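Participant: Please find start_19.txt (compact mmCIF, C-alpha atoms) on the next line:
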```txt
# COMPACT_ATOMS: atom_id res chain seq x y z
CA MET J 1 26.58 -28.95 -28.76
CA VAL J 2 28.68 -26.83 -26.53
CA PRO J 3 32.24 -28.02 -26.42
CA GLU J 4 33.74 -28.80 -23.06
CA ARG J 5 35.28 -25.73 -21.54
CA GLN J 6 38.99 -25.61 -21.25
CA ASN J 7 40.35 -24.04 -18.15
CA ASN J 8 43.11 -22.06 -19.81
CA GLY J 9 42.23 -18.56 -18.65
CA CYS J 10 38.66 -18.58 -19.95
CA GLU J 11 37.35 -17.34 -16.62
CA ALA J 12 39.62 -14.32 -16.70
CA VAL J 13 38.17 -13.01 -19.96
CA GLN J 14 34.57 -13.99 -19.24
CA GLY J 15 33.43 -10.40 -18.65
CA ASP J 16 35.09 -9.12 -21.82
CA LEU J 17 33.59 -11.97 -23.78
CA VAL J 18 30.08 -11.17 -22.54
CA ARG J 19 30.48 -7.51 -23.39
CA LEU J 20 31.65 -8.41 -26.88
CA VAL J 21 28.87 -10.89 -27.46
CA CYS J 22 26.20 -8.47 -26.20
CA GLY J 23 27.48 -5.69 -28.42
CA ASP J 24 28.71 -3.41 -25.65
CA VAL J 25 32.07 -3.24 -27.40
CA ALA J 26 32.75 -3.52 -31.11
CA GLU J 27 36.19 -5.08 -30.83
CA PRO J 28 37.56 -7.56 -28.30
CA SER J 29 39.90 -6.23 -25.68
CA ALA J 30 43.60 -7.02 -26.06
CA ALA J 31 43.38 -9.69 -23.38
CA LEU J 32 40.35 -11.30 -24.99
CA ALA J 33 41.85 -11.14 -28.47
CA ALA J 34 44.95 -12.87 -27.22
CA HIS J 35 42.84 -15.47 -25.44
CA LEU J 36 40.65 -16.12 -28.46
CA GLN J 37 43.72 -16.86 -30.57
CA ALA J 38 44.76 -19.49 -28.10
CA CYS J 39 41.36 -20.93 -27.14
CA PRO J 40 39.26 -22.50 -29.91
CA THR J 41 36.45 -23.21 -27.44
CA CYS J 42 35.91 -19.57 -26.60
CA CYS J 43 36.47 -18.62 -30.22
CA ALA J 44 33.60 -20.87 -31.27
CA ALA J 45 31.51 -19.68 -28.35
CA VAL J 46 31.78 -16.05 -29.44
CA ALA J 47 30.26 -16.62 -32.85
CA GLU J 48 27.53 -18.90 -31.55
CA SER J 49 26.71 -16.66 -28.61
CA ARG J 50 26.50 -13.58 -30.81
CA GLU J 51 23.98 -15.34 -32.98
CA LEU J 52 22.01 -16.39 -29.92
CA VAL J 53 22.04 -12.90 -28.41
CA ASP J 54 20.80 -11.39 -31.68
CA ALA J 55 17.99 -13.92 -31.81
CA LEU J 56 17.11 -13.29 -28.17
CA GLN J 57 17.04 -9.55 -28.70
CA ASP J 58 14.55 -10.07 -31.48
CA ALA J 59 12.44 -12.50 -29.48
CA LEU J 60 12.40 -10.43 -26.28
CA ALA J 61 12.02 -7.02 -27.91
CA PRO J 62 9.31 -4.82 -26.39
CA GLY J 63 6.10 -4.77 -28.37
CA PRO J 64 4.60 -1.58 -29.71
CA LEU J 65 3.03 0.86 -27.30
CA SER J 66 -0.58 -0.01 -26.81
CA ASP J 67 -2.94 2.96 -26.89
CA ARG J 68 -5.33 0.93 -24.81
CA LEU J 69 -2.70 0.53 -22.09
CA VAL J 70 -1.87 4.24 -22.09
CA ALA J 71 -5.58 5.03 -21.81
CA ASP J 72 -5.87 2.49 -19.00
CA ILE J 73 -2.99 4.05 -17.09
CA GLN J 74 -4.39 7.53 -17.54
CA ALA J 75 -7.81 6.35 -16.38
CA ARG J 76 -6.26 4.74 -13.32
CA LEU J 77 -4.42 7.92 -12.46
CA ALA J 78 -7.63 9.90 -12.75
CA THR J 79 -9.53 7.37 -10.67
CA ARG J 80 -6.80 7.27 -8.06
CA ALA J 81 -6.95 11.04 -7.79
CA ALA J 82 -10.71 10.99 -7.35
CA THR J 83 -10.94 8.16 -4.82
CA ARG J 84 -8.39 8.42 -2.10
CA SER J 85 -7.29 5.22 -0.53
CA PRO J 86 -7.62 4.81 3.27
CA VAL J 87 -3.85 4.96 3.53
CA ARG J 88 -3.82 8.26 1.67
CA VAL J 89 -6.61 9.63 3.82
CA ILE J 90 -4.71 8.61 6.95
CA ALA J 91 -1.57 10.12 5.50
CA LEU J 92 -3.51 13.34 5.10
CA LEU J 93 -5.31 13.23 8.42
CA VAL J 94 -2.30 12.51 10.60
CA PRO J 95 -0.39 15.66 9.60
CA CYS J 96 -3.61 17.65 9.93
CA ALA J 97 -4.08 16.36 13.47
CA VAL J 98 -0.45 17.14 14.26
CA ALA J 99 -0.88 20.59 12.77
CA ALA J 100 -3.98 21.17 14.88
CA CYS J 101 -2.15 20.10 18.05
CA LEU J 102 0.79 22.35 17.21
CA ALA J 103 -1.57 25.18 16.46
CA LEU J 104 -3.17 24.78 19.86
CA ALA J 105 0.23 24.58 21.47
CA LEU J 106 1.25 27.75 19.69
CA LEU J 107 -1.98 29.62 20.25
CA ILE J 108 -2.37 28.98 23.95
CA PRO J 109 0.94 30.53 24.98
CA TRP J 110 0.42 33.22 22.41
CA ARG J 111 -2.69 34.32 24.22
CA LEU J 112 -1.52 33.75 27.76
CA VAL J 113 2.23 34.10 28.06
CA PRO J 114 2.65 37.60 26.67
CA ILE J 115 -0.09 38.92 28.90
CA SER J 116 1.42 37.50 32.03
CA GLU J 117 4.81 38.82 30.99
CA THR J 118 3.85 42.23 29.81
CA THR J 119 1.52 43.24 32.54
CA GLY J 120 2.23 43.43 36.16
CA THR J 121 1.27 44.97 39.41
CA GLU J 122 2.91 48.19 38.36
CA SER J 123 -0.06 49.09 36.24
CA VAL J 124 -1.78 51.59 38.40
CA ALA J 125 -3.73 53.57 35.87
CA VAL J 126 -7.22 52.87 34.77
CA ALA J 127 -8.24 53.69 31.26
CA THR J 128 -11.70 53.95 29.97
CA ALA J 129 -12.34 51.72 27.06
CA SER J 130 -15.20 50.58 24.99
CA ALA J 131 -16.18 46.94 24.87
CA ASP J 132 -15.17 46.59 21.24
CA GLU J 133 -11.56 47.58 21.86
CA PRO J 134 -9.24 45.53 19.58
CA TRP J 135 -7.40 42.81 21.43
CA ASP J 136 -3.84 44.01 20.96
CA SER J 137 -4.38 47.46 19.58
CA PRO J 138 -6.01 49.81 22.02
CA SER J 139 -7.49 52.96 20.59
CA GLN J 140 -5.50 56.15 20.90
CA SER J 141 -8.10 57.63 23.24
CA SER J 142 -7.70 54.68 25.59
CA VAL J 143 -3.92 55.06 25.60
CA ASP J 144 -4.18 58.79 26.24
CA ALA J 145 -6.57 58.16 29.09
CA PHE J 146 -4.22 55.52 30.50
CA VAL J 147 -1.20 57.83 30.42
CA LYS J 148 -3.16 60.67 31.93
CA ASP J 149 -4.42 58.53 34.79
CA LEU J 150 -0.98 57.08 35.26
CA GLU J 151 0.64 60.50 35.59
CA LYS J 152 -2.02 61.53 38.04
CA ALA J 153 -1.61 58.40 40.14
CA ALA J 154 2.15 58.08 40.02
CA GLY J 155 3.02 61.69 40.32
CA ALA J 156 6.13 61.27 38.22
CA LEU J 157 6.58 59.57 34.93
CA GLU J 158 10.17 59.51 33.84
CA LYS J 159 10.01 59.29 30.12
CA GLN J 160 13.65 60.14 29.85
CA ARG J 161 14.55 56.93 31.62
CA ALA J 162 12.57 54.73 29.33
CA ALA J 163 13.93 51.26 28.81
CA ASN J 164 16.45 50.95 26.02
CA SER J 165 14.39 48.43 24.24
CA VAL J 166 11.12 46.74 24.92
CA LEU J 167 10.77 44.61 21.88
CA PRO J 168 8.45 41.73 22.61
CA TRP J 169 10.27 38.56 23.53
CA GLY J 170 13.47 39.91 22.07
CA PRO J 171 16.86 39.36 23.59
CA GLU J 172 17.17 43.13 23.94
CA ASP J 173 14.29 43.38 26.38
CA ASP J 174 15.35 45.66 29.16
CA TRP J 175 12.95 45.85 32.05
CA ASP J 176 15.58 46.57 34.66
CA VAL J 177 14.97 49.46 37.00
CA PRO J 178 18.05 51.65 37.60
CA THR J 179 19.48 51.23 41.07
CA ASP J 180 19.14 54.94 41.79
CA HIS J 181 15.36 54.69 41.39
CA LYS J 182 14.54 52.53 44.31
CA GLY J 183 10.87 51.65 44.46
CA ALA J 184 10.25 52.65 40.86
CA SER J 185 8.62 50.35 38.34
CA ARG J 186 8.64 49.84 34.64
CA ILE J 187 5.42 49.96 32.70
CA ARG J 188 5.43 46.64 30.98
CA GLY J 189 2.13 46.73 29.25
CA LEU J 190 -1.33 48.05 29.00
CA GLU J 191 -4.40 46.09 29.96
CA ILE J 192 -7.89 47.33 29.63
CA HIS J 193 -10.68 45.69 31.59
CA ASP J 194 -14.37 46.26 31.54
CA GLU J 195 -16.46 46.94 34.61
CA THR J 196 -16.69 43.28 35.50
CA GLY J 197 -12.93 42.84 35.46
CA PHE J 198 -12.91 41.01 32.13
CA ARG J 199 -9.78 41.90 30.19
CA ILE J 200 -10.71 43.15 26.78
CA CYS J 201 -7.39 44.52 25.62
CA ALA J 202 -3.68 44.00 26.23
CA ALA J 203 -0.79 45.66 24.49
CA ARG J 204 2.94 46.23 24.81
CA SER J 205 3.79 48.61 22.07
CA VAL J 206 1.87 51.62 23.13
CA ARG J 207 3.15 54.90 24.41
CA ALA J 208 4.44 54.79 28.02
CA VAL J 209 5.36 51.12 27.90
CA GLY J 210 8.94 50.86 29.12
CA ASP J 211 8.74 54.15 31.03
CA LEU J 212 9.71 54.37 34.66
CA VAL J 213 7.01 55.09 37.17
CA CYS J 214 8.23 56.75 40.33
CA ARG J 215 5.49 56.94 42.90
CA GLY J 216 5.42 60.39 44.30
CA MET R 217 1.02 46.23 15.22
CA GLY R 218 3.49 43.43 14.66
CA GLU R 219 3.34 42.81 18.38
CA TYR R 220 2.34 39.17 18.44
CA SER R 221 3.48 36.52 16.04
CA PRO R 222 0.53 35.07 14.20
CA PRO R 223 0.42 31.28 14.23
CA PHE R 224 1.71 30.85 10.67
CA GLY R 225 3.00 27.44 11.62
CA VAL R 226 -0.40 25.98 11.01
CA PHE R 227 -0.13 26.76 7.34
CA TRP R 228 3.30 25.50 6.55
CA ILE R 229 3.27 22.30 8.56
CA GLY R 230 1.29 20.37 5.97
CA LYS R 231 3.59 21.52 3.21
CA ALA R 232 6.72 20.66 5.14
CA MET R 233 5.48 17.13 5.71
CA GLY R 234 5.12 16.61 1.98
CA VAL R 235 1.45 15.77 2.04
CA ARG R 236 -0.24 15.66 -1.32
CA SER R 237 -3.96 15.76 -1.54
CA GLY R 238 -4.35 13.45 -4.48
CA VAL R 239 -2.50 11.86 -7.34
CA ARG R 240 -3.09 13.38 -10.70
CA SER R 241 -5.07 16.35 -9.50
CA ALA R 242 -2.08 17.39 -7.40
CA LEU R 243 0.30 17.34 -10.36
CA THR R 244 1.39 20.47 -12.10
CA ALA R 245 1.07 20.75 -15.85
CA GLY R 246 4.80 20.11 -16.20
CA GLU R 247 4.60 17.03 -14.03
CA ARG R 248 1.69 15.70 -16.05
CA ASP R 249 3.68 16.25 -19.24
CA LEU R 250 6.66 14.46 -17.74
CA LEU R 251 4.51 11.53 -16.71
CA ASP R 252 2.84 11.30 -20.11
CA ARG R 253 6.18 11.45 -21.87
CA LEU R 254 7.66 8.73 -19.67
CA MET R 255 4.53 6.67 -20.14
CA ARG R 256 4.90 6.75 -23.91
CA GLU R 257 8.67 6.26 -23.88
CA LEU R 258 9.06 3.58 -21.27
CA THR R 259 5.83 1.60 -21.12
CA PRO R 260 6.89 -0.91 -23.82
CA ARG R 261 10.19 -1.56 -22.03
CA LEU R 262 8.51 -1.90 -18.66
CA VAL R 263 5.84 -4.23 -19.99
CA ALA R 264 8.49 -6.30 -21.76
CA TYR R 265 10.52 -6.54 -18.56
CA VAL R 266 7.58 -7.75 -16.47
CA ARG R 267 6.27 -10.03 -19.19
CA ARG R 268 9.60 -11.70 -19.92
CA ALA R 269 10.92 -11.79 -16.39
CA TYR R 270 7.80 -12.42 -14.34
CA GLY R 271 4.53 -13.15 -16.05
CA SER R 272 1.67 -12.70 -18.40
CA THR R 273 0.62 -9.80 -20.58
CA PRO R 274 -2.48 -8.61 -18.68
CA ASP R 275 -0.65 -8.91 -15.40
CA ALA R 276 2.33 -7.03 -16.78
CA GLU R 277 0.11 -4.19 -17.92
CA ASP R 278 -1.54 -4.14 -14.53
CA ILE R 279 1.79 -3.82 -12.81
CA VAL R 280 3.04 -1.13 -15.17
CA ALA R 281 -0.15 0.85 -14.66
CA GLU R 282 0.30 0.58 -10.91
CA THR R 283 3.91 1.69 -11.33
CA PHE R 284 2.87 4.92 -12.98
CA CYS R 285 0.23 5.51 -10.31
CA ARG R 286 2.91 5.19 -7.65
CA ALA R 287 5.26 7.37 -9.62
CA ALA R 288 2.54 10.02 -9.79
CA GLY R 289 2.06 9.72 -6.05
CA ASN R 290 5.75 10.40 -5.54
CA ILE R 291 6.32 12.70 -8.47
CA ALA R 292 8.97 14.74 -6.67
CA ALA R 293 11.30 11.75 -6.52
CA LEU R 294 10.67 10.92 -10.16
CA ARG R 295 11.20 14.53 -11.23
CA THR R 296 14.52 14.82 -9.46
CA SER R 297 15.76 11.40 -10.50
CA THR R 298 18.61 11.46 -12.99
CA ARG R 299 17.69 8.02 -14.33
CA ARG R 300 13.94 7.89 -14.55
CA ASP R 301 13.97 4.64 -16.49
CA LEU R 302 15.90 2.98 -13.67
CA TYR R 303 13.57 4.56 -11.12
CA LEU R 304 10.52 3.11 -12.85
CA LEU R 305 12.20 -0.24 -13.45
CA THR R 306 13.00 -0.41 -9.75
CA THR R 307 9.37 0.33 -8.90
CA VAL R 308 8.17 -2.30 -11.36
CA ARG R 309 10.61 -4.83 -9.98
CA ASN R 310 9.62 -4.10 -6.40
CA LEU R 311 5.97 -4.52 -7.28
CA CYS R 312 6.71 -7.86 -8.92
CA ARG R 313 8.76 -9.07 -6.02
CA ASP R 314 6.56 -7.67 -3.26
CA GLY R 315 3.69 -9.86 -4.20
CA PHE R 316 1.60 -7.53 -6.29
CA ARG R 317 1.13 -10.41 -8.69
CA ARG R 318 0.20 -12.87 -5.96
CA GLN R 319 -3.17 -11.20 -5.70
CA ARG R 320 -4.04 -12.63 -9.11
CA PRO R 321 -3.85 -16.12 -10.55
CA THR R 322 -0.58 -16.77 -12.34
CA PRO R 323 -0.99 -18.24 -15.80
CA THR R 324 1.10 -21.16 -16.96
CA PRO R 325 4.11 -20.50 -19.19
CA ASP R 326 2.15 -21.76 -22.19
CA GLU R 327 -0.65 -19.31 -21.52
CA ARG R 328 1.89 -16.53 -21.25
CA LEU R 329 3.31 -17.35 -24.62
CA GLU R 330 -0.11 -17.48 -26.23
CA GLN R 331 -0.86 -14.03 -24.91
CA VAL R 332 2.16 -12.45 -26.51
CA PRO R 333 0.98 -10.66 -29.64
CA HIS R 334 3.59 -11.05 -32.34
CA GLY R 335 2.81 -11.00 -36.00
CA GLY R 336 -0.35 -13.05 -36.35
CA ASP R 337 0.08 -13.50 -40.07
CA ASP R 338 -0.26 -17.02 -41.46
CA ALA R 339 2.59 -16.68 -43.90
CA PRO R 340 4.91 -19.71 -43.44
CA ALA R 341 8.07 -17.66 -43.00
CA GLN R 342 6.48 -15.50 -40.37
CA ALA R 343 5.05 -18.53 -38.68
CA ALA R 344 8.50 -20.10 -38.56
CA ASP R 345 9.96 -16.89 -37.17
CA GLU R 346 7.28 -16.75 -34.57
CA GLU R 347 7.89 -20.38 -33.68
CA ARG R 348 11.59 -19.65 -33.23
CA ARG R 349 10.82 -16.65 -31.04
CA ARG R 350 8.50 -18.72 -28.93
CA ALA R 351 11.16 -21.34 -28.44
CA LEU R 352 13.63 -18.68 -27.38
CA ARG R 353 11.16 -17.07 -24.99
CA ALA R 354 10.29 -20.45 -23.55
CA ALA R 355 13.98 -21.17 -23.02
CA VAL R 356 14.44 -17.84 -21.27
CA ALA R 357 11.40 -18.58 -19.12
CA GLU R 358 13.08 -21.79 -18.04
CA LEU R 359 16.15 -20.01 -16.73
CA PRO R 360 16.51 -19.47 -12.99
CA GLU R 361 15.18 -16.07 -11.99
CA SER R 362 18.61 -14.62 -11.22
CA LEU R 363 19.82 -15.41 -14.73
CA ARG R 364 16.56 -14.65 -16.50
CA GLU R 365 16.37 -11.19 -15.01
CA ILE R 366 19.82 -10.27 -16.30
CA VAL R 367 18.97 -11.50 -19.79
CA VAL R 368 15.70 -9.58 -19.86
CA LEU R 369 17.18 -6.38 -18.46
CA ARG R 370 20.03 -6.47 -20.96
CA LEU R 371 18.24 -7.68 -24.08
CA ALA R 372 14.62 -6.57 -23.58
CA SER R 373 15.03 -3.44 -21.47
CA GLY R 374 18.30 -2.42 -23.09
CA LEU R 375 20.15 -1.59 -19.88
CA LYS R 376 23.92 -1.56 -19.73
CA PHE R 377 25.58 -4.03 -17.38
CA GLU R 378 26.57 -1.19 -15.07
CA GLU R 379 22.93 -0.12 -14.86
CA ILE R 380 21.79 -3.68 -14.26
CA ALA R 381 24.30 -4.01 -11.43
CA GLU R 382 23.00 -0.78 -9.91
CA LEU R 383 19.38 -1.82 -10.27
CA LEU R 384 19.88 -5.27 -8.80
CA HIS R 385 22.38 -4.11 -6.17
CA ILE R 386 24.99 -6.60 -7.31
CA PRO R 387 28.62 -6.13 -8.35
CA LEU R 388 29.29 -5.55 -12.03
CA GLY R 389 31.32 -8.75 -12.20
CA THR R 390 28.35 -10.71 -10.88
CA ALA R 391 26.07 -9.24 -13.54
CA LEU R 392 28.55 -10.19 -16.26
CA SER R 393 29.12 -13.69 -14.94
CA ARG R 394 25.37 -14.28 -14.63
CA MET R 395 24.91 -13.19 -18.23
CA HIS R 396 27.69 -15.51 -19.25
CA ALA R 397 26.06 -18.37 -17.36
CA ALA R 398 22.68 -17.54 -18.90
CA ILE R 399 24.12 -17.61 -22.43
CA GLN R 400 25.85 -20.90 -21.71
CA ARG R 401 22.64 -22.38 -20.32
CA LEU R 402 20.57 -21.18 -23.28
CA ARG R 403 23.07 -22.59 -25.75
CA GLU R 404 22.82 -25.92 -24.00
CA MET R 405 19.03 -25.79 -23.95
CA LEU R 406 18.54 -24.67 -27.53
CA GLY R 407 21.36 -26.53 -29.22
CA PRO R 408 23.19 -25.34 -32.32
CA GLY R 409 21.43 -23.27 -34.98
CA HIS R 410 19.02 -21.63 -32.54
CA GLY R 411 19.48 -18.22 -34.08
CA SER R 412 18.80 -19.16 -37.66
```
In structure tokens, how does this file's structure come out?
Facilitator:
Amino acid sequence: MVPERQNNGCEAVQGDLVRLVCGDVAEPSAALAAHLQACPTCCAAVAESRELVDALQDALAPGPLSDRLVADIQARLATRAATRSPVRVIALLVPCAVAACLALALLIPWRLVPISETTGTESVAVATASADEPWDSPSQSSVDAFVKDLEKAAGALEKQRAANSVLPWGPEDDWDVPTDHKGASRIRGLEIHDETGFRICAARSVRAVGDLVCRG
Amino acid sequence: MGEYSPPFGVFWIGKAMGVRSGVRSALTAGERDLLDRLMRELTPRLVAYVRRAYGSTPDAEDIVAETFCRAAGNIAALRTSTRRDLYLLTTVRNLCRDGFRRQRPTPTPDERLEQVPHGGDDAPAQAADEERRRALRAAVAELPESLREIVVLRLASGLKFEEIAELLHIPLGTALSRMHAAIQRLREMLGPGHGS
């Protein structure tokens, strides 16, 4: 039977006693050693508890690894990979839906905003273009035709006063018209339309974009 | 041209949100090796923990299998964890506590003990040993859950008290005092000479 506990500092060394009994420490701490010399109850408890802990360790020890269990786990993992749970499907679909919405949100301004920004009423030239003109990369012949028509229509094309920078959507964009060129315009882009007015090409990085047009 | 930014966002969104398309098929070879290694190293400890702390052998294996499935589903967390045994023990414990076992009938303590494979030889000495082990396991099963869990984690899973405190989110002193109380209770239940 367990002897009645004496309240002579047993509580204070409880943690040390447990560590000693469980084998965390090989020797009792100084405080516990001193206590054990003075407390026969705890002294007896140490020996009995050690024996109990050893027996419990043996009784509770993990069994050997079962090959059947490993095979079962591996089979489950394979099955889980093959058959996706509804939660997993939802977890996959939701980001896809979000991605699709973001893609639309990105694509729509991509197609519309630059065009409205980079073209304007200043475009006075008309270029001839074929129907299969690339969307943002007009052929060199189209650009040449555009510049030629522009020079003819505007009378003066001040290439020397080209904008400092016309990088698309960059902070350096400089579309300002110098104050001494009243009535002049910047060429902000090139649009090519077919006979019906359908825009088949738009570009900003072609020759003449950024140049000043001074109507003669 | 480089004029217009292509909508690359579409491609990296899924990756940024950490979506995986499957479990095992999505694992790299290294991750599969890690999982297999952990499975072989830790499965006995995990099964022992569930079996001693919560329930029967088949149920324990079920829970451990589910644990590895979940670990595979969140392999990044397992890979980066510094204490993978604690990570898996936490998952096992959460599964036990979150009612994973409630989906299945819980066997009686006697049934649990019968299902524990130990020895099996009819030799008298081994039979006596096995009887003693059964008595000890039955006594542990009778402990309140808060005490039983500490005993199992320390003596079956081999965790240090600091690790037990971390796993159970309790102060170290509480873990030690619970172990002390458990030992006291077991000594009272088993009487003298229990270890011999």
Participant: Give as a PyMOL selection string the set of residues within 10 Å of the point (25.3, -14.9, -14.0), where distances use the file's coordinates and all atoms listed in the file.
Facilitator: chain R and resi 360+362-367+389-400
Participant: Quick one: residues within 10 Å of segment 296-311 of chain R, only C-alpha atoms, excluding same-chain residues fewer than 3 positions away - as a ChimeraX atom specification?
Facilitator: /R:254,257-259,261-263,265-266,269-270,276,279-284,286-287,291-293,314-317,365,369,373,375,379-380,382-384
Participant: Can you work out the spacing between atom CA of Ala59 of chain J and atom CA of Arg19 of chain J in Å, to one decimal?
Facilitator: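 If I compute the distance from atom CA of Ala59 of chain J to atom CA of Arg19 of chain J, I get 19.7 Å.
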Participant: Quick one, how far is atom CA of Leu17 of chain J from atom CA of Val53 of chain J?
Facilitator: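 Those two atoms sit 12.5 Å apart.
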Participant: Counting all atoms listed in the file, which of J:Arg68, J:His35, J:Arg80, J:His181 gets nearest to chain R?
Facilitator: J:Arg80
Participant: Check the smallest atom-to-atom distance from each of R:Arg403, R:Lys376, R:Arg313, R:His385 to Glu361 of chain R using only C-alpha atoms, then report the winner.
Facilitator: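 Among the listed residues, the smallest separation from Glu361 of chain R belongs to R:Arg313.
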Participant: Please measure the separation of atom CA of Thr79 of chain J and atom CA of Glu277 of chain R, giving the value in Å to one decimal.
Facilitator: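 If I compute the distance from atom CA of Thr79 of chain J to atom CA of Glu277 of chain R, I get 16.7 Å.
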Participant: Kindly indicate which residue among R:Gly289, R:Gly246, R:Pro340, R:Pro408 lies nearest to chain J, using only C-alpha atoms for the distances.
Facilitator: R:Pro408
Participant: Build an axis-aligned box that encloses every atom of segment 308-313 of chain R listed in the file, pad it by 4 Å on each side, and report its centre and edge lengths in Å to one decimal, as JSON.
Facilitator:
```
{"center_x": 8.3, "center_y": -5.7, "center_z": -8.7, "size_x": 12.6, "size_y": 14.8, "size_z": 13.3}
```
Participant: Of the candidates J:Ala100, J:Leu92, J:Ala33, J:Leu52, which one gets nearest to Arg401 of chain R if we count only C-alpha atoms?
Facilitator: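 Smallest distance to Arg401 of chain R is found for J:Leu52.
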Participant: Which residues come within 12 Å of segment 24-27 of chain J, counting all atoms listed in the file, excluding same-chain residues fewer than 2 positions away, as a list of chain:residue names?
Facilitator: J:Gly15, J:Asp16, J:Leu17, J:Val18, J:Arg19, J:Leu20, J:Val21, J:Cys22, J:Ser29, J:Ala30, J:Ala31, J:Leu32, J:Ala33, J:Val46, J:Arg50, J:Val53, R:Arg370, R:Leu371, R:Gly374, R:Leu375, R:Lys376, R:Phe377, R:Glu378, R:Leu392
